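Enquirer: The following block contains the structure, expressed as structure tokens.
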Amino acid sequence: MLYKAYEIQRSLMNASSAWASMMADVLNDPRLPFATYGPNQTLASALDVFAHATAPRGKPAFGIRTIQVDGQSHAVHETTVVHRPFGDLKRFTHEGLPADAPRMLLVAPMSGHYATLLRGTVERLLERAVVYITDWADAKYVPLAEGHFDLDDYIDYLIGFLEHVGPGAHMMAVCQPSVPAFAATAVLAAQDHPCRPLTLTMMGGPIDTRESPTAVNDHAVAKPYVWFKHNVITSVPENYPGAGRQVYPGFVQLTSFMSMNLGSHMMSHYKLFQHMVQGAEENADSTKRFYDEYRSVCDLPAEFYLQTVDVVFQRHALPQGEFIHRGQPVDLGAITDTAILCIEGERDDISGIGQTRAALKVTPGLPDEMKQYFLAPEVGHYGIFNGSRWRKSIAPVVEAWMTRFATRDDAAAKPRRGRKLTAVS
């Protein structure tokens, strides 16, 4: 009933959005004598804001056509190199990269938004590296015949993607996938697998949510597992390829995120209205671009969502050494030669300070000189991987870490005594 009610509401809002957009265009038409009349301009701006807020949205495109590196422009090549039911692997490269450029597997969150949320992350990393990114599917478009998808499958996908990229790759996980990326690294390390990553960078990830819990963490533990199963899980309607699949709908996730900072979102839209009234098109377009991406949401497989709530947020299985993959315990102590970089934002209200850094405490087999922690001052969750501070302050730290451990021999050559964990702020 939840999804069907949403579909009815969405149909009504789509019609209202189209009507509001049409009326805004009429009021802004310079051929009409009243187009420049003050009250009409105010009304047109209000209608435009409403139309944008209620417009239907699909999956955005990455749209990275060119990239500037050291003052030179290069064409960007985007290719889907692996097709799988619940997620593809995309590759981004350009002619300016040397033949021995580092290869980075960027693990995008499966948390209700598309991988395009990391467009800015890809652009910056692409300056110096070949970038592969996980492009997770919208569960409502995956037919039931393709089976289910849970944390075990997520880890298997990452292992398969690393095998495709080949030995000597680096891996970066942004937010939620820090847990499965960490576990996948440990699984490969225990097997002495040649495709275990040289470095693992985790950014704003919930490795141990007992550290500085946020409102998101509190919500996940305030109710029992069965509450989530009965209240936020629903079936995909018949008008989608994944009809009948149990999902955690993207619109529920979006509602939750927006309600956490409702005042800020309302103020952003009020400022959007002001910019449009004042004719500040550049500022208005910037806000619209952000919300075009932010409101583009997808559904998660129910089994993956529920297992994440249970294992990551309620039982804290990974930091407590109780995480199981395919029936086998995941031994974080097996990680001995994958250099780990943990990055957190000082103002992160999704993953609190210390939650990602906890990864450095639970890897006893990794030498201290292969661990680094970076706290980005005055940066929120989104700013860790996007925006000017990501480009100018955080990305250089990641690149330096990759350069330091460019080969497996670099890791083996590092002294194993007399050094303490590096912490940078």
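Residues in the structure tokens are named by chain (A, B, ... in the order shown) and by number from 1 within that chain; ligands are numbered from 1 in the order shown.
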Could I get the residues of region 33-139 of chain A with an atom no further than 7 Å from an atom of region 278-299 of chain A, each paired with its nearest atom pair and that distance in Å to one decimal, using only C-alpha atoms, sorted by chain and residue number, as JSON lines?
Expert:
```
{"residue": "A:Arg57", "atom": "CA", "partner": "A:Ser296", "partner_atom": "CA", "distance": 5.6}
{"residue": "A:Gly58", "atom": "CA", "partner": "A:Ser296", "partner_atom": "CA", "distance": 6.2}
{"residue": "A:Lys59", "atom": "CA", "partner": "A:Ser296", "partner_atom": "CA", "distance": 6.5}
{"residue": "A:Gly112", "atom": "CA", "partner": "A:Cys298", "partner_atom": "CA", "distance": 5.0}
{"residue": "A:His113", "atom": "CA", "partner": "A:Val297", "partner_atom": "CA", "distance": 4.7}
{"residue": "A:Tyr114", "atom": "CA", "partner": "A:Val297", "partner_atom": "CA", "distance": 6.5}
{"residue": "A:Leu117", "atom": "CA", "partner": "A:Glu293", "partner_atom": "CA", "distance": 6.5}
{"residue": "A:Asp138", "atom": "CA", "partner": "A:Cys298", "partner_atom": "CA", "distance": 4.9}
{"residue": "A:Ala139", "atom": "CA", "partner": "A:Asp299", "partner_atom": "CA", "distance": 5.2}
```
Enquirer: Would you save the residues from that selection as a JSON list (two decimals), in the first residue's frame, using all heavy atoms?
Expert:
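Listed below is the output, out.json:
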```json
[["chain", "number", "residue", "atom", "x", "y", "z"],
["A", 57, "ARG", "N", 11.96, 12.80, -11.58],
["A", 57, "ARG", "CA", 13.39, 12.66, -11.84],
["A", 57, "ARG", "C", 13.74, 11.19, -12.05],
["A", 57, "ARG", "O", 13.27, 10.32, -11.34],
["A", 57, "ARG", "CB", 14.22, 13.24, -10.68],
["A", 57, "ARG", "CG", 14.15, 14.76, -10.62],
["A", 57, "ARG", "CD", 14.83, 15.32, -9.40],
["A", 57, "ARG", "NE", 14.91, 16.77, -9.47],
["A", 57, "ARG", "CZ", 13.91, 17.58, -9.13],
["A", 57, "ARG", "NH1", 12.77, 17.07, -8.70],
["A", 57, "ARG", "NH2", 14.04, 18.88, -9.22],
["A", 58, "GLY", "N", 14.62, 10.97, -13.02],
["A", 58, "GLY", "CA", 15.12, 9.63, -13.27],
["A", 58, "GLY", "C", 16.58, 9.55, -12.88],
["A", 58, "GLY", "O", 17.08, 10.35, -12.09],
["A", 59, "LYS", "N", 17.27, 8.58, -13.46],
["A", 59, "LYS", "CA", 18.69, 8.41, -13.16],
["A", 59, "LYS", "C", 19.50, 9.47, -13.90],
["A", 59, "LYS", "O", 19.44, 9.55, -15.13],
["A", 59, "LYS", "CB", 19.14, 7.01, -13.56],
["A", 59, "LYS", "CG", 20.59, 6.73, -13.26],
["A", 59, "LYS", "CD", 20.98, 5.31, -13.66],
["A", 59, "LYS", "CE", 22.45, 5.04, -13.33],
["A", 59, "LYS", "NZ", 22.84, 3.66, -13.70],
["A", 112, "GLY", "N", 20.30, 4.93, -1.52],
["A", 112, "GLY", "CA", 19.14, 5.67, -1.98],
["A", 112, "GLY", "C", 19.45, 6.67, -3.08],
["A", 112, "GLY", "O", 18.54, 7.07, -3.81],
["A", 113, "HIS", "N", 20.72, 7.07, -3.22],
["A", 113, "HIS", "CA", 21.12, 7.96, -4.31],
["A", 113, "HIS", "C", 21.92, 7.18, -5.35],
["A", 113, "HIS", "O", 22.48, 6.13, -5.05],
["A", 113, "HIS", "CB", 21.95, 9.14, -3.79],
["A", 113, "HIS", "CG", 21.15, 10.18, -3.08],
["A", 113, "HIS", "ND1", 21.06, 10.25, -1.70],
["A", 113, "HIS", "CD2", 20.37, 11.19, -3.55],
["A", 113, "HIS", "CE1", 20.28, 11.26, -1.36],
["A", 113, "HIS", "NE2", 19.84, 11.84, -2.46],
["A", 114, "TYR", "N", 21.96, 7.72, -6.55],
["A", 114, "TYR", "CA", 22.72, 7.09, -7.62],
["A", 114, "TYR", "C", 24.21, 7.40, -7.48],
["A", 114, "TYR", "O", 24.60, 8.33, -6.75],
["A", 114, "TYR", "CB", 22.22, 7.57, -8.98],
["A", 114, "TYR", "CG", 20.83, 7.10, -9.33],
["A", 114, "TYR", "CD1", 19.73, 7.92, -9.10],
["A", 114, "TYR", "CD2", 20.62, 5.84, -9.88],
["A", 114, "TYR", "CE1", 18.44, 7.50, -9.42],
["A", 114, "TYR", "CE2", 19.34, 5.41, -10.21],
["A", 114, "TYR", "CZ", 18.25, 6.24, -9.97],
["A", 114, "TYR", "OH", 16.99, 5.82, -10.28],
["A", 117, "LEU", "N", 26.03, 10.90, -7.63],
["A", 117, "LEU", "CA", 26.26, 11.80, -6.49],
["A", 117, "LEU", "C", 27.76, 12.03, -6.31],
["A", 117, "LEU", "O", 28.17, 13.04, -5.74],
["A", 117, "LEU", "CB", 25.66, 11.20, -5.22],
["A", 117, "LEU", "CG", 25.54, 12.12, -4.00],
["A", 117, "LEU", "CD1", 24.51, 13.22, -4.26],
["A", 117, "LEU", "CD2", 25.16, 11.33, -2.76],
["A", 138, "ASP", "N", 18.86, 0.54, -9.63],
["A", 138, "ASP", "CA", 17.62, 0.83, -8.90],
["A", 138, "ASP", "C", 16.86, -0.49, -8.78],
["A", 138, "ASP", "O", 16.47, -1.09, -9.79],
["A", 138, "ASP", "CB", 16.81, 1.86, -9.69],
["A", 138, "ASP", "CG", 15.60, 2.36, -8.94],
["A", 138, "ASP", "OD1", 15.12, 1.64, -8.04],
["A", 138, "ASP", "OD2", 15.10, 3.45, -9.27],
["A", 139, "ALA", "N", 16.64, -0.95, -7.56],
["A", 139, "ALA", "CA", 16.08, -2.29, -7.34],
["A", 139, "ALA", "C", 14.72, -2.48, -7.97],
["A", 139, "ALA", "O", 14.34, -3.62, -8.30],
["A", 139, "ALA", "CB", 16.01, -2.58, -5.84]]
```
Enquirer: Apply DSSP to the backbone of this structure and, from region 239-401 of chain A, keep only the residues in alpha helix (DSSP H); write these as number ranges by chain.
Expert: A: 250-260, 262-278, 281-294, 302-308, 388-389, 395-401
Enquirer: Between CA of Leu198 (chain A) and CA of Met171 (chain A), what distance in Å does the model show, to one decimal?
Expert: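 Calculated distance between CA of Leu198 (chain A) and CA of Met171 (chain A) is 7.8 Å.
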Enquirer: Quick one: pull the distance between CA of Glu378 (chain A) and CA of Leu118 (chain A), Å, one decimal.
Expert: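 Pair CA of Glu378 (chain A) / CA of Leu118 (chain A) returns 19.9 Å.
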Enquirer: Using only C-alpha atoms, what does the table of region 163-223 of chain A residues within 12 Å of region 69-91 of chain A look like, with each row giving the shortest atom pair and its distance in Å to one decimal, sorted by chain and ascending number, as a Markdown table?
Expert:
```
| residue | atom | partner | partner_atom | distance |
| --- | --- | --- | --- | --- |
| A:Glu163 | CA | A:Val82 | CA | 11.2 |
| A:His164 | CA | A:Val82 | CA | 8.2 |
| A:Val165 | CA | A:Arg91 | CA | 9.5 |
```
Enquirer: Running DSSP on the backbone, which parts of region 93-199 of chain A land in strand (DSSP E), as a compact mmCIF listing (two decimals) with all heavy atoms, in the first residue's frame?
Expert:
```txt
# COMPACT_ATOMS: atom_id res chain seq x y z
N THR A 93 38.44 7.43 -18.13
CA THR A 93 39.85 7.68 -18.43
C THR A 93 39.96 8.81 -19.45
O THR A 93 38.95 9.27 -19.98
CB THR A 93 40.53 6.40 -18.96
OG1 THR A 93 41.94 6.63 -19.10
CG2 THR A 93 39.94 5.97 -20.31
N HIS A 94 41.17 9.27 -19.69
CA HIS A 94 41.39 10.30 -20.72
C HIS A 94 42.80 10.15 -21.27
O HIS A 94 43.67 9.50 -20.67
CB HIS A 94 41.16 11.71 -20.16
CG HIS A 94 42.09 12.11 -19.05
ND1 HIS A 94 43.35 12.62 -19.28
CD2 HIS A 94 41.94 12.08 -17.70
CE1 HIS A 94 43.93 12.90 -18.13
NE2 HIS A 94 43.11 12.57 -17.15
N ARG A 103 45.18 3.00 -10.80
CA ARG A 103 43.79 2.62 -11.04
C ARG A 103 43.05 2.63 -9.71
O ARG A 103 43.50 2.01 -8.75
CB ARG A 103 43.72 1.24 -11.69
CG ARG A 103 44.22 1.21 -13.13
CD ARG A 103 44.57 -0.20 -13.58
NE ARG A 103 45.73 -0.70 -12.87
CZ ARG A 103 45.79 -1.89 -12.27
NH1 ARG A 103 44.75 -2.72 -12.29
NH2 ARG A 103 46.88 -2.27 -11.64
N MET A 104 41.95 3.35 -9.68
CA MET A 104 41.17 3.51 -8.45
C MET A 104 39.77 2.93 -8.63
O MET A 104 39.05 3.30 -9.57
CB MET A 104 41.05 4.99 -8.09
CG MET A 104 40.03 5.31 -7.00
SD MET A 104 40.48 4.64 -5.38
CE MET A 104 41.62 5.90 -4.81
N LEU A 105 39.39 2.00 -7.76
CA LEU A 105 38.00 1.53 -7.70
C LEU A 105 37.27 2.39 -6.67
O LEU A 105 37.55 2.31 -5.48
CB LEU A 105 37.93 0.06 -7.32
CG LEU A 105 36.51 -0.49 -7.05
CD1 LEU A 105 35.62 -0.33 -8.28
CD2 LEU A 105 36.56 -1.94 -6.60
N LEU A 106 36.36 3.22 -7.14
CA LEU A 106 35.58 4.10 -6.28
C LEU A 106 34.25 3.42 -5.99
O LEU A 106 33.46 3.16 -6.91
CB LEU A 106 35.36 5.45 -6.97
CG LEU A 106 34.52 6.49 -6.26
CD1 LEU A 106 35.10 6.84 -4.90
CD2 LEU A 106 34.39 7.75 -7.13
N VAL A 107 34.00 3.11 -4.73
CA VAL A 107 32.79 2.39 -4.33
C VAL A 107 31.74 3.40 -3.90
O VAL A 107 31.87 4.04 -2.86
CB VAL A 107 33.07 1.38 -3.21
CG1 VAL A 107 31.83 0.52 -2.98
CG2 VAL A 107 34.27 0.50 -3.56
N VAL A 130 43.09 6.44 -13.48
CA VAL A 130 41.97 5.79 -14.17
C VAL A 130 40.96 5.45 -13.08
O VAL A 130 41.30 4.78 -12.10
CB VAL A 130 42.41 4.52 -14.91
CG1 VAL A 130 41.22 3.84 -15.57
CG2 VAL A 130 43.48 4.84 -15.94
N VAL A 131 39.72 5.89 -13.24
CA VAL A 131 38.72 5.72 -12.19
C VAL A 131 37.66 4.72 -12.63
O VAL A 131 37.04 4.86 -13.68
CB VAL A 131 38.05 7.06 -11.85
CG1 VAL A 131 37.00 6.86 -10.75
CG2 VAL A 131 39.09 8.09 -11.39
N TYR A 132 37.48 3.70 -11.80
CA TYR A 132 36.38 2.76 -11.94
C TYR A 132 35.39 3.07 -10.83
O TYR A 132 35.78 3.34 -9.70
CB TYR A 132 36.86 1.32 -11.79
CG TYR A 132 37.81 0.84 -12.87
CD1 TYR A 132 39.16 1.19 -12.86
CD2 TYR A 132 37.35 0.03 -13.91
CE1 TYR A 132 40.03 0.74 -13.85
CE2 TYR A 132 38.22 -0.43 -14.90
CZ TYR A 132 39.55 -0.07 -14.86
OH TYR A 132 40.41 -0.50 -15.84
N ILE A 133 34.09 3.00 -11.14
CA ILE A 133 33.09 3.30 -10.12
C ILE A 133 31.95 2.31 -10.18
O ILE A 133 31.53 1.89 -11.27
CB ILE A 133 32.56 4.75 -10.25
CG1 ILE A 133 31.62 5.09 -9.09
CG2 ILE A 133 31.89 4.97 -11.59
CD1 ILE A 133 31.24 6.56 -9.00
N THR A 134 31.47 1.90 -9.02
CA THR A 134 30.31 1.01 -8.93
C THR A 134 29.04 1.81 -9.25
O THR A 134 28.79 2.84 -8.64
CB THR A 134 30.18 0.41 -7.53
OG1 THR A 134 30.08 1.47 -6.57
CG2 THR A 134 31.41 -0.44 -7.20
N ASP A 135 28.28 1.34 -10.21
CA ASP A 135 27.06 2.02 -10.62
C ASP A 135 25.88 1.14 -10.24
O ASP A 135 25.39 0.33 -11.04
CB ASP A 135 27.10 2.27 -12.14
CG ASP A 135 25.97 3.15 -12.62
OD1 ASP A 135 25.40 3.89 -11.80
OD2 ASP A 135 25.62 3.08 -13.83
N TRP A 136 25.42 1.29 -8.99
CA TRP A 136 24.40 0.40 -8.46
C TRP A 136 23.05 0.61 -9.14
O TRP A 136 22.68 1.74 -9.50
CB TRP A 136 24.25 0.59 -6.95
CG TRP A 136 25.52 0.36 -6.19
CD1 TRP A 136 26.25 1.28 -5.50
CD2 TRP A 136 26.24 -0.88 -6.07
NE1 TRP A 136 27.37 0.71 -4.95
CE2 TRP A 136 27.39 -0.62 -5.28
CE3 TRP A 136 26.02 -2.17 -6.54
CZ2 TRP A 136 28.31 -1.62 -4.96
CZ3 TRP A 136 26.94 -3.16 -6.23
CH2 TRP A 136 28.06 -2.88 -5.44
N HIS A 170 43.86 0.50 -6.37
CA HIS A 170 43.51 1.16 -5.10
C HIS A 170 41.99 1.15 -4.98
O HIS A 170 41.28 1.06 -5.97
CB HIS A 170 44.04 2.59 -5.08
CG HIS A 170 45.51 2.71 -5.33
ND1 HIS A 170 46.44 2.81 -4.32
CD2 HIS A 170 46.21 2.73 -6.49
CE1 HIS A 170 47.65 2.89 -4.84
NE2 HIS A 170 47.55 2.86 -6.15
N MET A 171 41.50 1.28 -3.76
CA MET A 171 40.05 1.29 -3.56
C MET A 171 39.68 2.42 -2.60
O MET A 171 40.36 2.65 -1.60
CB MET A 171 39.55 -0.05 -3.03
CG MET A 171 38.03 -0.12 -2.84
SD MET A 171 37.32 -1.81 -2.77
CE MET A 171 38.18 -2.50 -1.36
N MET A 172 38.58 3.10 -2.91
CA MET A 172 38.05 4.16 -2.05
C MET A 172 36.56 3.91 -1.85
O MET A 172 35.83 3.69 -2.81
CB MET A 172 38.26 5.54 -2.65
CG MET A 172 37.58 6.67 -1.86
SD MET A 172 37.57 8.26 -2.72
CE MET A 172 39.30 8.71 -2.54
N ALA A 173 36.12 3.94 -0.60
CA ALA A 173 34.71 3.77 -0.27
C ALA A 173 34.19 5.05 0.37
O ALA A 173 34.80 5.57 1.31
CB ALA A 173 34.52 2.58 0.67
N VAL A 174 33.07 5.54 -0.12
CA VAL A 174 32.47 6.77 0.39
C VAL A 174 31.23 6.45 1.20
O VAL A 174 30.26 5.91 0.69
CB VAL A 174 32.12 7.73 -0.76
CG1 VAL A 174 31.44 9.00 -0.22
CG2 VAL A 174 33.36 8.10 -1.56
N THR A 199 45.87 0.18 -1.54
CA THR A 199 45.41 1.09 -0.49
C THR A 199 43.90 1.02 -0.41
O THR A 199 43.22 0.75 -1.41
CB THR A 199 45.82 2.55 -0.75
OG1 THR A 199 45.10 3.06 -1.88
CG2 THR A 199 47.32 2.68 -0.99
```
Enquirer: Which distance in Å separates CA of Gly205 (chain A) and CA of Ala183 (chain A), to one decimal?
Expert: 12.8 Å
Enquirer: Which residue out of A:Phe385, A:Tyr240, A:Trp19, A:Phe374 has the minimum interatomic distance to Ile340 (chain A) when only C-alpha atoms are used?
Expert: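 That would be A:Phe374, the residue with the smallest distance to Ile340 (chain A).
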